[in-house]
Amino acid sequence: MFAQLYQNFVLKNPRSIFIVLLIALLSFGYFSKDFRLDASSETLLIEGDPDLKYLQEISERYGSKEFLILTYTPNESMVSNTSINNLLSLKYKIQSLDWVHSVITLLDIPLLNSSDKPLQERLQNFKTLKDEDVDKDRGFKEIVSSPVFRNFVISEDGKTSGIIVNVKNNKELENIDKKSKKEIERLKDKVKKQSHQNILEIRDVIKSYENIGNIHLGGIPMIADDMMTFIKSDIIVFGLGVLLFIVATLWFVFRKIIWILIPISSCFFSVIIMMGILGLLGWKVTVISSNFIALMLILTMAMNIHMSTRFLQLKENYPNKNIFELITLTTSKMFWPILYTVLTTIIAFLSLIFSEIKPIIDFGWMMTLGLITSFIITFTLLPTLINFIPKENVSLKKYEDSFITSFFAKISQNNDKIIFTVTGLVIILSFIGISRLEVENSFINYFSKKTEIYKGMKLIDEKLGGTTPLEVILKFSKKKLKVEEEDDFEDWGEEEEKNDDKYWFTKDKVDKIAKVHNYLDSLPQVGKVLSFSSIIDVATLLNNNKPLGTLEMGVLYSKIPESIKTEIIDPYISIKDNEARINLRIIDSQKNLRRNELIKKINYDLKNKFNLKDDEYKLAGVLILFNNLLQSLFKSQILTLGLVMIGIFGMFLVLFKNIKLSLIGVVPNFIAAFFILGIIGLLGIPLDMMTITIAAITIGIAVDNSIHYIYRFKEEFNNSGEYNKTLLLCHSTVGKAILNTSITIIFGFSILVLSKFIPTIYFGIFTGLAMLLAMISVLTLLPSLILLIKPFGK
């Protein structure tokens with residue numbers, strides 16, 4: 001029934017179908033203008049992660065600004081007149097940019113120990129390094145030795161300083177939750193464009209100052225903008241690279257222009273229509289899905305090569321049939337195997353929706369829609385275009401046997417023991433490698449060492465106290481506060497305060513903050529630690545190294561100017577919420593860093609060494625979110641692999657209605673996928689957002705070869721009834737198509753090594769390698785198993 005409808009409506013009306021397809025191309029091509037990219041940090045988080053919500057609450061409570069950070073290593077000493085003047089000039093130049101709120105440099109740090117005046121006077125009228133009457137060496141020494149600023153705005157060796165560029169708040173983004181989805185997207189696009197322009201402007205400024213020393217740019221806005229550039233570059237490079245390679249492959253296989261133009265047309269229609277669908281749905285391409293165009297080209301090409309190869313083989317077998325009859329015969333023979341290959345690949349990509357990670361979920365849905373689009377185009381456009389070609393231009397000059405497939409056929413027939421022995425060794429190595437898999441990864445190592453992202457983050461990591469933030473929030477019980485009687489702060493006289501905030505500073509709170517602060521600071525994985533304890537340490541130094549009493553701390557809090565209080569105290573205590581915040585940064589580039597173990601250790605020690613209850617502290621921050629992502633990856637790997645294996649085995653049962661044949665069909669591909677995971681484990685490469693999808697995608701794509709081979713073997717065996725004869729015939733026909741499509745897929749994935757994003761490079765290398773192993777397995781192990789088990793009867 002379906003075959004008859006397809007023949008009547010599609011095959012018999014090529015002109016009408018072509019017009020419909022052109023209309024679809026132009027329509028979806030129009031909507032492709034709404035095709036968008038997204039490189040925001042939200043794309044690297046678990047959807048609905050409660051730790052994200054808590055971090056947002058903390059950021060709102062203690063204040064959070066969007067900022068860029070520059071690392072400045074001058075050619076001369078940091079406090080030479082030349083270096084100070086250059087830094088001051090750079091600061092004012094950046095400050096003049098209309099999107100900059102403020103610029104904080106080494107020259108803006110309040111110097112409270114640079115003179116011998118009374119402390120109250122020093123606090124009220126503090127000096128900085130840029131003031132002419134300041135002892136520069138004494139002031140610089142104070143900053144380098146400061147518990148607050150050392151490894152924060154100045155490196156321990158005093159050679160590198162940080163320049164913090166605070167970005168003005170975008171008023172349009174206020175109350176964004178109350179706006180419509182369309183308005184939110186419009187505003188976000190506007191912000192991204194503005195951010196890109198900001199990065200270009202500040203880089204122009206840096207370039208004009210490159211002769212004063214080494215300056216590197218860092219910060220989340222810069223990383224997001226560069227990631228966007230990477231995605232755009234990857235889409236163009238991957239798309240063009242794969243397209244050029246496909247043209248070369250098609251020429252090598254068919255040696256005729258017409259058999260290059262037809263498959264390329266299918267690829268073009270599929271990709272443009274899919275981009276229009278993404279534009280209509282408002283789905284954005286992230287760094288995870290940046291290779292979807294390349295994947296669509298590869299998978300569409302694989303379908304077209306199978307169709308074209310079968311058409312030409314049938315043309316050779318039935319020279320007297322006309323074009324319409326040959327197309328009808330080709331589509332009837334190829335519809336079911338290609339449909340099932342598409343469905344098995346869809347199962348692989350749909351398994352990604354269980355990962356909990358939004359960009360991976362979106363990638364799964366994108367490729368599912370893409371495969372459906374490619375399938376429809378293959379069975380409409382390809383036969384339509386072939387219908388337009390005169391019969392004499394269809395055939396190839398000579399359709400030769402393949403040396404490679406003939407070689408694999410002989411191995412399958414004569415060397416089954418070697419094949420099974422090698423397979424056994426592969427399985428053993430796979431289990432060993434898989435047992436060593438880990439998800440520990442460093443965000444800094446996602447980027448090439450040549451990129452600005454890597455250079456900036458590495459310098460901040462090593463010289464300015466680490467990159468990945470972690471927050472420890474200490475919560476205090478709300479009991480009535482008592483103020484201990486202490487001597488008055490020596491530099492101040494007694495002064496009555498109307499504000500009761502000063503009574504918050506009790507000994508038990510300050511001691512608890514100090515103990516936890518010192519513990520965190522002792523951990524080798526931790527860089528800079530900042531808390532209210534840091535401020536107390538500074539005050540103690542200023543108080544002639546005499547510890548402050550609780551009353552003195554309260555008076556200190558009351559007396560400090562608001563400008564200083566806002567910058568160095570309010571971010572670390574919330575009197576209103578009766579809690580304190582300890583901010584620390586992890587040295588992300590440490591080779592032996594184990595995030596999950598570190599988080600578990602901190603939790604364990606806070607409970608057991610400091611006797612804190614669950615409601616008395618909480619960990620938050622980017623480290624927690626990133627660790628949640630990594631741990632989710634490991635769980636999703638097991639889940640997606642399990643779903644893919646069950647789904648594909650079920651598909652084989654439906655297609656072949658034979659348990660033995662279904663097992664034979666899936667085994668070679670499962671072995672190839674597991675072996676790749678084993679290799680990743682043996683090489684010590686941690687799983688990440690991209691490599692986690694390799695096994696599922698490999699099985700989904702590689703199993704297509706098994707379906708085509710078994711389907712053809714079954715068909716030819718019914719004619720000949722001889723296993724060895726059928727094997728040779730299959731290797732010389734469908735084997736060639738498998739070889740050609742596999743080469744296209746392997747080299748198509750190899751194009752991904754041109755990416756600047758390391759996970760994408762790994763994805764390309766290992767998926768390509770997996771496809772190579774799967775192809776060899778399907779052309780050796782699969783036929784050997786068929787000869788051994790004889791699933792079609794004796």
# chains A, B, ... in the order shown; residues from 1 in each chain; ligands from 1

$ select_by_dssp --residues "segment 140-227 of chain A" --states "helix (DSSP H, G or I)" --output "mmCIF file with N, CA and C atoms, in the first residue's frame"
data_model
loop_
_atom_site.group_PDB
_atom_site.id
_atom_site.type_symbol
_atom_site.label_atom_id
_atom_site.label_comp_id
_atom_site.auth_asym_id
_atom_site.auth_seq_id
_atom_site.Cartn_x
_atom_site.Cartn_y
_atom_site.Cartn_z
ATOM 1 N N PHE A 140 54.058 49.151 48.149
ATOM 2 C CA PHE A 140 54.033 47.917 47.344
ATOM 3 C C PHE A 140 54.265 46.696 48.231
ATOM 4 N N LYS A 141 55.192 46.834 49.191
ATOM 5 C CA LYS A 141 55.484 45.736 50.112
ATOM 6 C C LYS A 141 54.255 45.402 50.949
ATOM 7 N N GLU A 142 53.493 46.435 51.328
ATOM 8 C CA GLU A 142 52.263 46.222 52.102
ATOM 9 C C GLU A 142 51.243 45.417 51.298
ATOM 10 N N ILE A 143 51.107 45.757 50.018
ATOM 11 C CA ILE A 143 50.129 45.059 49.164
ATOM 12 C C ILE A 143 50.552 43.608 48.931
ATOM 13 N N VAL A 144 51.853 43.405 48.634
ATOM 14 C CA VAL A 144 52.345 42.047 48.361
ATOM 15 C C VAL A 144 52.211 41.148 49.583
ATOM 16 N N LYS A 171 20.548 47.805 32.071
ATOM 17 C CA LYS A 171 19.252 48.074 32.698
ATOM 18 C C LYS A 171 18.102 47.362 32.004
ATOM 19 N N GLU A 172 18.289 47.096 30.711
ATOM 20 C CA GLU A 172 17.233 46.401 29.957
ATOM 21 C C GLU A 172 17.013 44.985 30.473
ATOM 22 N N LEU A 173 18.066 44.396 31.090
ATOM 23 C CA LEU A 173 17.962 43.021 31.585
ATOM 24 C C LEU A 173 17.293 42.937 32.957
ATOM 25 N N ILE A 176 13.909 40.791 33.802
ATOM 26 C CA ILE A 176 13.830 40.036 32.542
ATOM 27 C C ILE A 176 12.815 38.900 32.621
ATOM 28 N N ASP A 177 12.603 38.374 33.845
ATOM 29 C CA ASP A 177 11.668 37.259 34.027
ATOM 30 C C ASP A 177 10.232 37.641 33.672
ATOM 31 N N LYS A 178 9.953 38.954 33.734
ATOM 32 C CA LYS A 178 8.584 39.408 33.462
ATOM 33 C C LYS A 178 8.334 39.649 31.971
ATOM 34 N N LYS A 181 9.064 35.516 26.085
ATOM 35 C CA LYS A 181 10.206 34.712 25.629
ATOM 36 C C LYS A 181 10.899 35.364 24.438
ATOM 37 N N LYS A 182 10.088 35.900 23.518
ATOM 38 C CA LYS A 182 10.644 36.533 22.318
ATOM 39 C C LYS A 182 11.462 37.759 22.699
ATOM 40 N N GLU A 183 10.945 38.540 23.671
ATOM 41 C CA GLU A 183 11.647 39.745 24.122
ATOM 42 C C GLU A 183 12.944 39.380 24.830
ATOM 43 N N ILE A 184 12.904 38.287 25.619
ATOM 44 C CA ILE A 184 14.110 37.833 26.328
ATOM 45 C C ILE A 184 15.197 37.439 25.333
ATOM 46 N N GLU A 185 14.803 36.680 24.292
ATOM 47 C CA GLU A 185 15.775 36.260 23.279
ATOM 48 C C GLU A 185 16.358 37.450 22.533
ATOM 49 N N ARG A 186 15.484 38.443 22.252
ATOM 50 C CA ARG A 186 15.953 39.644 21.552
ATOM 51 C C ARG A 186 16.983 40.389 22.403
ATOM 52 N N LEU A 187 16.676 40.500 23.699
ATOM 53 C CA LEU A 187 17.592 41.199 24.601
ATOM 54 C C LEU A 187 18.917 40.452 24.741
ATOM 55 N N LYS A 188 18.831 39.121 24.850
ATOM 56 C CA LYS A 188 20.052 38.316 24.993
ATOM 57 C C LYS A 188 20.935 38.436 23.758
ATOM 58 N N ASP A 189 20.306 38.427 22.580
ATOM 59 C CA ASP A 189 21.074 38.601 21.336
ATOM 60 C C ASP A 189 21.751 39.971 21.301
ATOM 61 N N LYS A 190 21.006 40.968 21.774
ATOM 62 C CA LYS A 190 21.543 42.337 21.802
ATOM 63 C C LYS A 190 22.743 42.424 22.755
ATOM 64 N N VAL A 191 22.606 41.768 23.915
ATOM 65 C CA VAL A 191 23.685 41.765 24.911
ATOM 66 C C VAL A 191 24.920 41.061 24.353
ATOM 67 N N LYS A 192 24.708 39.944 23.648
ATOM 68 C CA LYS A 192 25.845 39.199 23.061
ATOM 69 C C LYS A 192 26.586 40.047 22.033
ATOM 70 N N LYS A 193 25.814 40.748 21.192
ATOM 71 C CA LYS A 193 26.445 41.610 20.181
ATOM 72 C C LYS A 193 27.242 42.726 20.857
ATOM 73 N N GLN A 194 26.651 43.304 21.924
ATOM 74 C CA GLN A 194 27.327 44.378 22.639
ATOM 75 C C GLN A 194 28.590 43.856 23.324
ATOM 76 N N SER A 195 28.474 42.651 23.919
ATOM 77 C CA SER A 195 29.623 42.040 24.590
ATOM 78 C C SER A 195 30.752 41.771 23.599
ATOM 79 N N HIS A 196 30.382 41.301 22.405
ATOM 80 C CA HIS A 196 31.390 41.054 21.362
ATOM 81 C C HIS A 196 32.099 42.353 20.984
ATOM 82 N N GLN A 197 31.309 43.428 20.866
ATOM 83 C CA GLN A 197 31.893 44.733 20.529
ATOM 84 C C GLN A 197 32.811 45.213 21.652
ATOM 85 N N ASN A 198 32.389 44.956 22.911
ATOM 86 C CA ASN A 198 33.202 45.341 24.075
ATOM 87 C C ASN A 198 34.564 44.642 24.052
ATOM 88 N N ILE A 199 34.541 43.335 23.758
ATOM 89 C CA ILE A 199 35.779 42.547 23.729
ATOM 90 C C ILE A 199 36.706 43.066 22.624
ATOM 91 N N LEU A 200 36.130 43.391 21.468
ATOM 92 C CA LEU A 200 36.942 43.934 20.368
ATOM 93 C C LEU A 200 37.593 45.255 20.774
ATOM 94 N N GLU A 201 36.817 46.103 21.481
ATOM 95 C CA GLU A 201 37.331 47.419 21.894
ATOM 96 C C GLU A 201 38.468 47.280 22.901
ATOM 97 N N ILE A 202 38.283 46.415 23.898
ATOM 98 C CA ILE A 202 39.324 46.294 24.923
ATOM 99 C C ILE A 202 40.569 45.610 24.352
ATOM 100 N N ARG A 203 40.375 44.739 23.381
ATOM 101 C CA ARG A 203 41.539 44.113 22.737
ATOM 102 C C ARG A 203 42.311 45.140 21.904
ATOM 103 N N ASP A 204 41.597 46.076 21.317
ATOM 104 C CA ASP A 204 42.275 47.152 20.585
ATOM 105 C C ASP A 204 43.123 47.993 21.543
ATOM 106 N N VAL A 205 42.564 48.253 22.743
ATOM 107 C CA VAL A 205 43.307 49.009 23.757
ATOM 108 C C VAL A 205 44.559 48.241 24.169
ATOM 109 N N ILE A 206 44.385 46.926 24.445
ATOM 110 C CA ILE A 206 45.524 46.089 24.858
ATOM 111 C C ILE A 206 46.605 46.086 23.786
ATOM 112 N N LYS A 207 46.164 45.997 22.531
ATOM 113 C CA LYS A 207 47.126 45.956 21.419
ATOM 114 C C LYS A 207 47.968 47.220 21.382
ATOM 115 N N SER A 208 47.352 48.364 21.697
ATOM 116 C CA SER A 208 48.086 49.637 21.657
ATOM 117 C C SER A 208 49.057 49.768 22.828
ATOM 118 N N GLU A 210 50.801 46.904 23.981
ATOM 119 C CA GLU A 210 51.547 45.647 24.048
ATOM 120 C C GLU A 210 53.052 45.847 24.239
ATOM 121 N N ASN A 211 53.543 47.069 23.986
ATOM 122 C CA ASN A 211 54.997 47.332 24.143
ATOM 123 C C ASN A 211 55.389 47.573 25.600
ATOM 124 N N ILE A 212 54.406 47.715 26.530
ATOM 125 C CA ILE A 212 54.746 48.016 27.930
ATOM 126 C C ILE A 212 54.959 46.749 28.752
ATOM 127 N N ILE A 220 34.771 35.713 32.262
ATOM 128 C CA ILE A 220 33.674 34.952 31.653
ATOM 129 C C ILE A 220 33.145 35.599 30.376
ATOM 130 N N PRO A 221 32.930 36.943 30.313
ATOM 131 C CA PRO A 221 32.450 37.531 29.052
ATOM 132 C C PRO A 221 33.390 37.254 27.880
ATOM 133 N N MET A 222 34.705 37.315 28.146
ATOM 134 C CA MET A 222 35.686 37.072 27.081
ATOM 135 C C MET A 222 35.653 35.605 26.654
ATOM 136 N N ILE A 223 35.551 34.685 27.631
ATOM 137 C CA ILE A 223 35.502 33.254 27.311
ATOM 138 C C ILE A 223 34.262 32.954 26.474
ATOM 139 N N ALA A 224 33.106 33.507 26.892
ATOM 140 C CA ALA A 224 31.858 33.277 26.153
ATOM 141 C C ALA A 224 31.953 33.811 24.735
ATOM 142 N N ASP A 225 32.559 34.990 24.575
ATOM 143 C CA ASP A 225 32.681 35.587 23.246
ATOM 144 C C ASP A 225 33.622 34.774 22.366
ATOM 145 N N ASP A 226 34.754 34.350 22.930
ATOM 146 C CA ASP A 226 35.696 33.539 22.149
ATOM 147 C C ASP A 226 35.098 32.186 21.787
ATOM 148 N N MET A 227 34.304 31.625 22.716
ATOM 149 C CA MET A 227 33.630 30.354 22.427
ATOM 150 C C MET A 227 32.674 30.523 21.250
#

$ residues_around --residues "segment 428-438 of chain A" --least-positions-apart "5" --cutoff "8 Å" --atoms "only C-alpha atoms" --output "PDB file with C-alpha atoms, in the first residue's frame"
ATOM      1  CA  PHE A 634      29.369   9.352  33.990  1.00  0.00           C
ATOM      2  CA  PHE A 674      33.486  -0.425  23.882  1.00  0.00           C
ATOM      3  CA  PHE A 675      37.014  -0.723  22.496  1.00  0.00           C
ATOM      4  CA  ILE A 676      37.088   3.024  21.845  1.00  0.00           C
ATOM      5  CA  LEU A 677      36.000   3.678  25.428  1.00  0.00           C
ATOM      6  CA  GLY A 678      38.735   1.243  26.471  1.00  0.00           C
ATOM      7  CA  ILE A 679      41.347   3.142  24.431  1.00  0.00           C
ATOM      8  CA  ILE A 680      40.215   6.440  26.005  1.00  0.00           C
ATOM      9  CA  GLY A 681      40.590   4.843  29.453  1.00  0.00           C
ATOM     10  CA  LEU A 682      43.979   3.279  28.661  1.00  0.00           C
ATOM     11  CA  GLY A 684      44.116   8.347  30.548  1.00  0.00           C
ATOM     12  CA  ILE A 685      41.932  10.836  28.664  1.00  0.00           C
ATOM     13  CA  PRO A 686      39.049  11.935  30.914  1.00  0.00           C
ATOM     14  CA  LEU A 687      35.491  11.808  29.602  1.00  0.00           C
TER      15      LEU A 687
END

$ select_by_dssp --residues "segment 58-209 of chain A" --states "strand (DSSP E)" --output "NGL selection string"
:A and (67-74 or 100-104 or 161-167)

$ atom_distance --atom1 "atom CA of Ile377 of chain A" --atom2 "atom CA of Ile273 of chain A"
9.8 Å

$ closest_residue --among "A:Ile745, A:Leu11, A:Met274, A:Met366" --to "Pro383 of chain A" --atoms "only C-alpha atoms"
A:Leu11

$ residues_around --residues "Arg61 of chain A" --least-positions-apart "2" --cutoff "12 Å" --atoms "only C-alpha atoms" --output "PDB file with C-alpha atoms, in the first residue's frame"
ATOM      1  CA  TYR A  54      21.454  28.526  45.345  1.00  0.00           C
ATOM      2  CA  LEU A  55      24.497  30.131  43.696  1.00  0.00           C
ATOM      3  CA  GLN A  56      22.231  32.748  42.120  1.00  0.00           C
ATOM      4  CA  GLU A  57      20.787  33.517  45.582  1.00  0.00           C
ATOM      5  CA  ILE A  58      24.287  33.883  47.053  1.00  0.00           C
ATOM      6  CA  SER A  59      25.417  36.110  44.166  1.00  0.00           C
ATOM      7  CA  GLY A  63      26.796  41.173  45.145  1.00  0.00           C
ATOM      8  CA  SER A  64      27.995  39.901  41.824  1.00  0.00           C
ATOM      9  CA  LYS A  65      29.359  41.981  38.987  1.00  0.00           C
ATOM     10  CA  ILE A 473      28.650  29.647  53.384  1.00  0.00           C
ATOM     11  CA  ASP A 570      30.093  43.309  52.522  1.00  0.00           C
ATOM     12  CA  PRO A 571      31.054  40.520  50.059  1.00  0.00           C
ATOM     13  CA  TYR A 572      32.011  38.274  53.009  1.00  0.00           C
ATOM     14  CA  ILE A 573      29.413  38.761  55.755  1.00  0.00           C
ATOM     15  CA  SER A 574      25.648  39.193  55.769  1.00  0.00           C
ATOM     16  CA  ILE A 575      24.536  40.459  59.173  1.00  0.00           C
ATOM     17  CA  LYS A 576      20.920  40.454  58.011  1.00  0.00           C
ATOM     18  CA  ASP A 577      21.079  36.730  57.100  1.00  0.00           C
ATOM     19  CA  ASN A 578      23.366  35.897  60.039  1.00  0.00           C
ATOM     20  CA  GLU A 579      25.933  34.149  57.855  1.00  0.00           C
ATOM     21  CA  ALA A 580      29.459  34.507  56.493  1.00  0.00           C
ATOM     22  CA  ARG A 581      30.859  33.728  53.060  1.00  0.00           C
TER      23      ARG A 581
END

$ atom_distance --atom1 "atom CA of Asn166 of chain A" --atom2 "atom CA of Ser145 of chain A"
25.0 Å

$ closest_residue --among "A:Ile246, A:Val529, A:Leu781, A:Leu655" --to "Gly424 of chain A" --atoms "only C-alpha atoms"
A:Leu781

$ residues_around --residues "Asn86 of chain A" --least-positions-apart "6" --cutoff "10 Å" --atoms "only C-alpha atoms" --output "JSON list (two decimals) with C-alpha atoms, in the first residue's frame"
[["chain", "number", "residue", "atom", "x", "y", "z"],
["A", 74, "PRO", "CA", 55.48, 44.96, 32.96],
["A", 80, "SER", "CA", 59.06, 51.85, 38.73],
["A", 92, "TYR", "CA", 42.31, 55.56, 32.21],
["A", 209, "TYR", "CA", 49.82, 48.92, 24.98],
["A", 212, "ILE", "CA", 54.75, 48.02, 27.93],
["A", 213, "GLY", "CA", 54.79, 44.32, 28.90]]

$ residues_around --residues "Phe652 of chain A" --least-positions-apart "3" --cutoff "9 Å" --atoms "only C-alpha atoms" --output "ChimeraX atom specification"
/A:340,344,647-649,655-659,661-663,665-666,707

$ residues_around --residues "segment 406-408 of chain A" --least-positions-apart "3" --cutoff "8 Å" --atoms "only C-alpha atoms" --output "PDB file with N, CA and C atoms, in the first residue's frame"
ATOM      1  N   ASP A 401      35.581  -4.408  -9.036  1.00  0.00           N
ATOM      2  CA  ASP A 401      35.596  -4.950  -7.680  1.00  0.00           C
ATOM      3  C   ASP A 401      36.605  -4.185  -6.836  1.00  0.00           C
ATOM      4  N   SER A 402      36.382  -4.209  -5.521  1.00  0.00           N
ATOM      5  CA  SER A 402      37.292  -3.519  -4.613  1.00  0.00           C
ATOM      6  C   SER A 402      38.316  -4.499  -4.060  1.00  0.00           C
ATOM      7  N   PHE A 403      39.569  -4.116  -4.133  1.00  0.00           N
ATOM      8  CA  PHE A 403      40.639  -4.951  -3.597  1.00  0.00           C
ATOM      9  C   PHE A 403      40.475  -5.123  -2.080  1.00  0.00           C
ATOM     10  N   ILE A 411      39.820 -13.088   4.314  1.00  0.00           N
ATOM     11  CA  ILE A 411      40.141 -13.220   5.748  1.00  0.00           C
ATOM     12  C   ILE A 411      38.969 -13.856   6.490  1.00  0.00           C
ATOM     13  N   SER A 412      37.747 -13.389   6.184  1.00  0.00           N
ATOM     14  CA  SER A 412      36.552 -13.910   6.847  1.00  0.00           C
ATOM     15  C   SER A 412      36.371 -15.404   6.584  1.00  0.00           C
ATOM     16  N   LEU A 728      31.029 -13.704  -0.713  1.00  0.00           N
ATOM     17  CA  LEU A 728      31.843 -13.058  -1.740  1.00  0.00           C
ATOM     18  C   LEU A 728      31.036 -12.023  -2.515  1.00  0.00           C
ATOM     19  N   HIS A 731      30.395  -8.922  -0.287  1.00  0.00           N
ATOM     20  CA  HIS A 731      31.591  -8.090  -0.137  1.00  0.00           C
ATOM     21  C   HIS A 731      31.874  -7.274  -1.400  1.00  0.00           C
ATOM     22  N   SER A 732      31.525  -7.821  -2.565  1.00  0.00           N
ATOM     23  CA  SER A 732      31.798  -7.113  -3.823  1.00  0.00           C
ATOM     24  C   SER A 732      30.702  -6.102  -4.176  1.00  0.00           C
ATOM     25  N   ILE A 776      35.796  -2.474   9.845  1.00  0.00           N
ATOM     26  CA  ILE A 776      36.616  -3.698   9.753  1.00  0.00           C
ATOM     27  C   ILE A 776      35.893  -4.863  10.401  1.00  0.00           C
ATOM     28  N   LEU A 779      33.082  -6.169   8.213  1.00  0.00           N
ATOM     29  CA  LEU A 779      33.545  -6.871   7.010  1.00  0.00           C
ATOM     30  C   LEU A 779      34.418  -8.096   7.320  1.00  0.00           C
ATOM     31  N   THR A 780      34.677  -8.344   8.612  1.00  0.00           N
ATOM     32  CA  THR A 780      35.463  -9.541   8.985  1.00  0.00           C
ATOM     33  C   THR A 780      34.735 -10.381  10.030  1.00  0.00           C
TER      34      THR A 780
END

$ residues_around --residues "Leu785 of chain A" --least-positions-apart "6" --cutoff "12 Å" --atoms "only C-alpha atoms" --output "mmCIF file with N, CA and C atoms, in the first residue's frame"
data_model
loop_
_atom_site.group_PDB
_atom_site.id
_atom_site.type_symbol
_atom_site.label_atom_id
_atom_site.label_comp_id
_atom_site.auth_asym_id
_atom_site.auth_seq_id
_atom_site.Cartn_x
_atom_site.Cartn_y
_atom_site.Cartn_z
ATOM 1 N N SER A 412 37.747 -13.389 6.184
ATOM 2 C CA SER A 412 36.552 -13.910 6.847
ATOM 3 C C SER A 412 36.371 -15.404 6.584
ATOM 4 N N GLN A 413 36.676 -15.842 5.372
ATOM 5 C CA GLN A 413 36.488 -17.246 5.000
ATOM 6 C C GLN A 413 37.589 -18.160 5.553
ATOM 7 N N ASN A 415 40.326 -17.244 7.914
ATOM 8 C CA ASN A 415 41.081 -16.944 9.144
ATOM 9 C C ASN A 415 40.162 -16.658 10.327
ATOM 10 N N ASP A 416 39.124 -17.472 10.471
ATOM 11 C CA ASP A 416 38.156 -17.208 11.535
ATOM 12 C C ASP A 416 38.778 -17.307 12.932
ATOM 13 N N LYS A 417 39.743 -18.235 13.120
ATOM 14 C CA LYS A 417 40.369 -18.394 14.443
ATOM 15 C C LYS A 417 41.145 -17.133 14.834
ATOM 16 N N ILE A 419 40.549 -14.120 13.707
ATOM 17 C CA ILE A 419 39.549 -13.070 13.938
ATOM 18 C C ILE A 419 38.976 -13.183 15.348
ATOM 19 N N PHE A 420 38.596 -14.390 15.769
ATOM 20 C CA PHE A 420 37.996 -14.579 17.089
ATOM 21 C C PHE A 420 39.020 -14.348 18.208
ATOM 22 N N THR A 423 39.452 -10.630 18.473
ATOM 23 C CA THR A 423 38.238 -10.107 19.101
ATOM 24 C C THR A 423 38.284 -10.310 20.609
ATOM 25 N N LYS A 660 19.313 -15.019 16.846
ATOM 26 C CA LYS A 660 20.716 -15.271 16.497
ATOM 27 C C LYS A 660 21.257 -14.183 15.573
ATOM 28 N N LEU A 661 20.465 -13.868 14.547
ATOM 29 C CA LEU A 661 20.890 -12.870 13.557
ATOM 30 C C LEU A 661 21.001 -11.483 14.207
ATOM 31 N N SER A 662 20.089 -11.190 15.139
ATOM 32 C CA SER A 662 20.117 -9.902 15.844
ATOM 33 C C SER A 662 21.375 -9.779 16.693
ATOM 34 N N LEU A 663 21.741 -10.850 17.386
ATOM 35 C CA LEU A 663 22.962 -10.839 18.198
ATOM 36 C C LEU A 663 24.199 -10.692 17.327
ATOM 37 N N ILE A 664 24.225 -11.444 16.228
ATOM 38 C CA ILE A 664 25.355 -11.361 15.287
ATOM 39 C C ILE A 664 25.493 -9.927 14.763
ATOM 40 N N GLY A 665 24.350 -9.268 14.510
ATOM 41 C CA GLY A 665 24.367 -7.925 13.927
ATOM 42 C C GLY A 665 24.886 -6.857 14.868
ATOM 43 N N VAL A 666 24.566 -6.985 16.178
ATOM 44 C CA VAL A 666 24.954 -5.908 17.112
ATOM 45 C C VAL A 666 26.346 -6.109 17.717
ATOM 46 N N VAL A 667 26.781 -7.355 17.836
ATOM 47 C CA VAL A 667 28.052 -7.643 18.526
ATOM 48 C C VAL A 667 29.247 -6.875 17.944
ATOM 49 N N PRO A 668 29.489 -6.907 16.620
ATOM 50 C CA PRO A 668 30.672 -6.198 16.087
ATOM 51 C C PRO A 668 30.693 -4.707 16.415
ATOM 52 N N ILE A 710 23.637 -7.479 6.467
ATOM 53 C CA ILE A 710 22.767 -8.640 6.766
ATOM 54 C C ILE A 710 21.558 -8.650 5.844
ATOM 55 N N TYR A 723 26.535 -20.145 1.600
ATOM 56 C CA TYR A 723 27.078 -19.090 2.468
ATOM 57 C C TYR A 723 28.326 -18.428 1.878
ATOM 58 N N LEU A 727 28.707 -14.637 0.638
ATOM 59 C CA LEU A 727 29.675 -13.756 1.309
ATOM 60 C C LEU A 727 30.500 -12.982 0.279
ATOM 61 N N SER A 777 35.255 -4.574 11.540
ATOM 62 C CA SER A 777 34.533 -5.617 12.275
ATOM 63 C C SER A 777 33.360 -6.164 11.464
ATOM 64 N N VAL A 778 32.634 -5.251 10.794
ATOM 65 C CA VAL A 778 31.469 -5.676 9.998
ATOM 66 C C VAL A 778 31.906 -6.472 8.768
ATOM 67 N N LEU A 779 33.082 -6.169 8.213
ATOM 68 C CA LEU A 779 33.545 -6.871 7.010
ATOM 69 C C LEU A 779 34.418 -8.096 7.320
ATOM 70 N N PRO A 791 22.882 -18.544 10.519
ATOM 71 C CA PRO A 791 21.548 -18.140 11.009
ATOM 72 C C PRO A 791 20.417 -18.330 9.997
ATOM 73 N N PHE A 792 20.745 -18.516 8.707
ATOM 74 C CA PHE A 792 19.706 -18.684 7.690
ATOM 75 C C PHE A 792 19.403 -20.162 7.428
#

$ closest_residue --among "A:Phe354, A:Ile404, A:Leu459, A:Pro110" --to "Thr73 of chain A" --atoms "only C-alpha atoms"
A:Leu459

$ closest_residue --among "A:Asn151, A:Gln4, A:Ser442, A:Asn291" --to "Gly239 of chain A" --atoms "only C-alpha atoms"
A:Asn291
